[in-house]
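input05.cif, holding mmCIF, C-alpha atoms:
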```cif
data_my_file
#
loop_
_atom_site.group_PDB
_atom_site.id
_atom_site.type_symbol
_atom_site.label_atom_id
_atom_site.label_comp_id
_atom_site.auth_asym_id
_atom_site.auth_seq_id
_atom_site.Cartn_x
_atom_site.Cartn_y
_atom_site.Cartn_z
ATOM 1 C CA MET A 1 11.615 25.011 9.143
ATOM 2 C CA THR A 2 12.874 28.535 9.352
ATOM 3 C CA ASP A 3 9.476 30.239 9.254
ATOM 4 C CA HIS A 4 6.531 30.132 11.647
ATOM 5 C CA ARG A 5 4.120 28.049 9.579
ATOM 6 C CA SER A 6 3.120 24.651 10.876
ATOM 7 C CA VAL A 7 3.465 21.575 8.678
ATOM 8 C CA ALA A 8 -0.353 21.451 8.559
ATOM 9 C CA GLN A 9 -0.407 25.046 7.251
ATOM 10 C CA VAL A 10 2.187 24.239 4.612
ATOM 11 C CA ALA A 11 0.144 21.196 3.566
ATOM 12 C CA GLU A 12 -3.018 23.280 3.137
ATOM 13 C CA GLU A 13 -1.126 25.962 1.188
ATOM 14 C CA HIS A 14 0.268 23.370 -1.200
ATOM 15 C CA LEU A 15 -3.073 21.624 -1.620
ATOM 16 C CA ALA A 16 -4.493 24.967 -2.751
ATOM 17 C CA LEU A 17 -1.557 25.439 -5.152
ATOM 18 C CA ALA A 18 -1.884 21.885 -6.499
ATOM 19 C CA ARG A 19 -5.568 22.502 -7.233
ATOM 20 C CA GLN A 20 -4.514 25.451 -9.421
ATOM 21 C CA ASP A 21 -1.584 23.668 -11.073
ATOM 22 C CA PRO A 22 -2.239 22.093 -14.499
ATOM 23 C CA HIS A 23 -0.306 18.984 -13.389
ATOM 24 C CA GLY A 24 -2.126 18.765 -10.043
ATOM 25 C CA ARG A 25 0.901 19.003 -7.806
ATOM 26 C CA SER A 26 2.880 21.329 -5.585
ATOM 27 C CA ALA A 27 5.828 20.805 -3.238
ATOM 28 C CA GLU A 28 8.147 22.590 -0.862
ATOM 29 C CA LEU A 29 11.443 21.455 0.625
ATOM 30 C CA LEU A 30 11.174 22.235 4.335
ATOM 31 C CA VAL A 31 14.365 20.705 5.726
ATOM 32 C CA HIS A 32 17.690 20.246 3.948
ATOM 33 C CA ASP A 33 20.321 19.138 6.432
ATOM 34 C CA GLY A 34 23.224 17.199 4.945
ATOM 35 C CA VAL A 35 21.737 14.031 3.440
ATOM 36 C CA LEU A 36 18.354 14.574 5.125
ATOM 37 C CA ARG A 37 15.456 16.087 3.161
ATOM 38 C CA GLN A 38 11.882 16.671 4.295
ATOM 39 C CA THR A 39 9.418 17.814 1.673
ATOM 40 C CA VAL A 40 5.699 18.499 1.752
ATOM 41 C CA ILE A 41 4.120 17.262 -1.473
ATOM 42 C CA ALA A 42 0.497 17.908 -2.461
ATOM 43 C CA LEU A 43 -1.294 16.013 -5.230
ATOM 44 C CA THR A 44 -4.851 16.352 -6.473
ATOM 45 C CA ALA A 45 -7.084 13.280 -6.741
ATOM 46 C CA GLY A 46 -5.888 10.988 -9.518
ATOM 47 C CA THR A 47 -2.463 12.633 -9.860
ATOM 48 C CA GLU A 48 0.457 10.229 -10.027
ATOM 49 C CA LEU A 49 4.161 10.630 -9.473
ATOM 50 C CA ALA A 50 5.519 8.286 -12.153
ATOM 51 C CA GLU A 51 7.668 5.323 -11.245
ATOM 52 C CA HIS A 52 11.025 6.414 -9.875
ATOM 53 C CA ASN A 53 13.994 5.046 -7.932
ATOM 54 C CA SER A 54 13.923 5.064 -4.176
ATOM 55 C CA PRO A 55 16.574 6.892 -2.131
ATOM 56 C CA HIS A 56 18.702 4.998 0.413
ATOM 57 C CA ALA A 57 16.032 5.516 3.059
ATOM 58 C CA ALA A 58 12.654 7.208 2.955
ATOM 59 C CA SER A 59 9.354 7.478 4.746
ATOM 60 C CA VAL A 60 6.017 9.047 3.932
ATOM 61 C CA GLN A 61 3.506 10.472 6.408
ATOM 62 C CA VAL A 62 0.094 11.323 5.016
ATOM 63 C CA LEU A 63 -1.021 14.699 6.379
ATOM 64 C CA VAL A 64 -4.327 15.018 4.474
ATOM 65 C CA GLY A 65 -6.099 12.560 2.166
ATOM 66 C CA SER A 66 -4.935 9.134 1.010
ATOM 67 C CA LEU A 67 -2.511 7.651 -1.476
ATOM 68 C CA VAL A 68 -1.173 4.396 -2.857
ATOM 69 C CA VAL A 69 2.507 3.558 -3.290
ATOM 70 C CA THR A 70 3.128 0.776 -5.811
ATOM 71 C CA GLY A 71 5.231 -2.091 -4.519
ATOM 72 C CA MET A 72 3.952 -1.770 -0.955
ATOM 73 C CA ASP A 73 1.698 -4.450 0.502
ATOM 74 C CA GLU A 74 0.101 -2.060 2.980
ATOM 75 C CA GLY A 75 -2.737 -0.905 0.735
ATOM 76 C CA PRO A 76 -3.783 2.749 0.737
ATOM 77 C CA LEU A 77 -2.025 5.059 3.173
ATOM 78 C CA THR A 78 -4.544 7.323 4.868
ATOM 79 C CA GLU A 79 -4.339 10.503 6.907
ATOM 80 C CA GLY A 80 -1.980 10.153 9.865
ATOM 81 C CA ARG A 81 -0.248 7.004 8.545
ATOM 82 C CA LEU A 82 3.527 6.860 8.578
ATOM 83 C CA ALA A 83 5.304 4.192 6.524
ATOM 84 C CA ALA A 84 8.796 3.399 5.351
ATOM 85 C CA LEU A 85 8.990 3.413 1.567
ATOM 86 C CA THR A 86 10.060 0.435 -0.453
ATOM 87 C CA HIS A 87 13.658 0.298 -1.646
ATOM 88 C CA GLU A 88 12.374 -0.678 -5.095
ATOM 89 C CA ARG A 89 11.214 1.553 -7.935
ATOM 90 C CA HIS A 90 7.751 2.801 -7.127
ATOM 91 C CA ALA A 91 5.035 5.258 -8.126
ATOM 92 C CA VAL A 92 2.704 7.317 -5.935
ATOM 93 C CA SER A 93 -0.980 7.917 -6.752
ATOM 94 C CA ALA A 94 -3.337 10.239 -4.877
ATOM 95 C CA LEU A 95 -6.749 8.659 -4.252
ATOM 96 C CA GLU A 96 -8.124 12.058 -3.237
ATOM 97 C CA ASP A 97 -6.587 15.503 -2.790
ATOM 98 C CA THR A 98 -3.607 14.567 -0.641
ATOM 99 C CA ALA A 99 -0.642 16.177 1.094
ATOM 100 C CA PHE A 100 2.188 14.167 2.598
ATOM 101 C CA LEU A 101 5.546 14.658 4.253
ATOM 102 C CA LEU A 102 8.316 12.833 2.423
ATOM 103 C CA THR A 103 11.465 12.268 4.469
ATOM 104 C CA THR A 104 14.504 11.023 2.562
ATOM 105 C CA VAL A 105 18.152 10.275 3.084
ATOM 106 C CA THR A 106 19.689 11.030 -0.283
ATOM 107 C CA SER A 107 23.019 9.281 0.223
ATOM 108 C CA GLN A 108 24.900 7.479 2.913
ATOM 109 C CA PRO A 109 27.652 9.283 4.816
ATOM 110 C CA GLY A 110 30.978 8.620 3.153
ATOM 111 C CA SER A 111 29.451 7.318 -0.076
ATOM 112 C CA LEU A 112 30.149 8.788 -3.478
ATOM 113 C CA ASP A 113 26.437 9.077 -4.453
#
```
What does this structure look like when you write it as structure tokens?
Amino acid sequence: MTDHRSVAQVAEEHLALARQDPHGRSAELLVHDGVLRQTVIALTAGTELAEHNSPHAASVQVLVGSLVVTGMDEGPLTEGRLAALTHERHAVSALEDTAFLLTTVTSQPGSLD
């Protein structure tokens, strides 16, 4: 991050924005370094990110709240949990107002993706 906000601060800011957004979501890309991306995503309770393809590698860390990722046998992910995401298509649903840090590798070095 190039500013002085903590990840917790960014999460709270985006939860507030998501609560005002008609679609119940807000996000900010914090780190973009080559193939690495780290994004804070906030969703209001009941908001879903529709089924989508998974990047080459990804993890999610719940900062506030809880969520469910389809295709994962772990059950709900709650505050503080860190989990690798499935390599299959999946959806994300917020069980309550939730903010999480999504870390992705968007392509493999040397690939044509």
So, counting only C-alpha atoms, which residue among A:Ala50, A:Leu15, A:Met72, A:Val10 is closest to Leu29 (chain A)?
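Selected residue with least distance to Leu29 (chain A): A:Val10.
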Val35 (chain A) surroundings by all atoms listed in the file, 6 Å radius, close-in-sequence under 6 positions cut, as a list in words
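Contacts, in chain order: Val105, Thr106 and Ser107 of chain A.
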Nearest to Ala45 (chain A) by atom-to-atom distance, counting all atoms listed in the file, from A:Thr103, A:Ala18, A:Gly80, A:His32:
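With all atoms listed in the file as the atom set, the closest residue is A:Ala18.
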Write out as a PyMOL selection string which residues come within 10 Å of Gln38 (chain A) when counting only C-alpha atoms, dropping same-chain ones fewer than 4 positions away.
chain A and resi 1+28-33+58-60+101-105
Counting all atoms listed in the file, which residues have an atom no more than 12 Å from (-2.3, 23.7, -8.6) in the file's coordinates? Please list them as an MDAnalysis selection string.
chainID A and resid 12:27 41:45 47 97
To one decimal place in Å, what is the distance between CA of Phe100 (chain A) and CA of Val62 (chain A)?
4.3 Å
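Picture a line from CA of Leu36 (chain A) to CA of Ala84 (chain A); it runs 14.7 Å.
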Between CA of Gly71 (chain A) and CA of Arg37 (chain A), measure the distance and give it in Å to one decimal.
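Interatomic distance, CA of Gly71 (chain A) to CA of Arg37 (chain A): 22.2 Å.
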Distance criterion (all atoms listed in the file): nearest to Ser93 (chain A) out of A:Ser6, A:Leu63, A:Pro76, A:Thr39:
A:Pro76
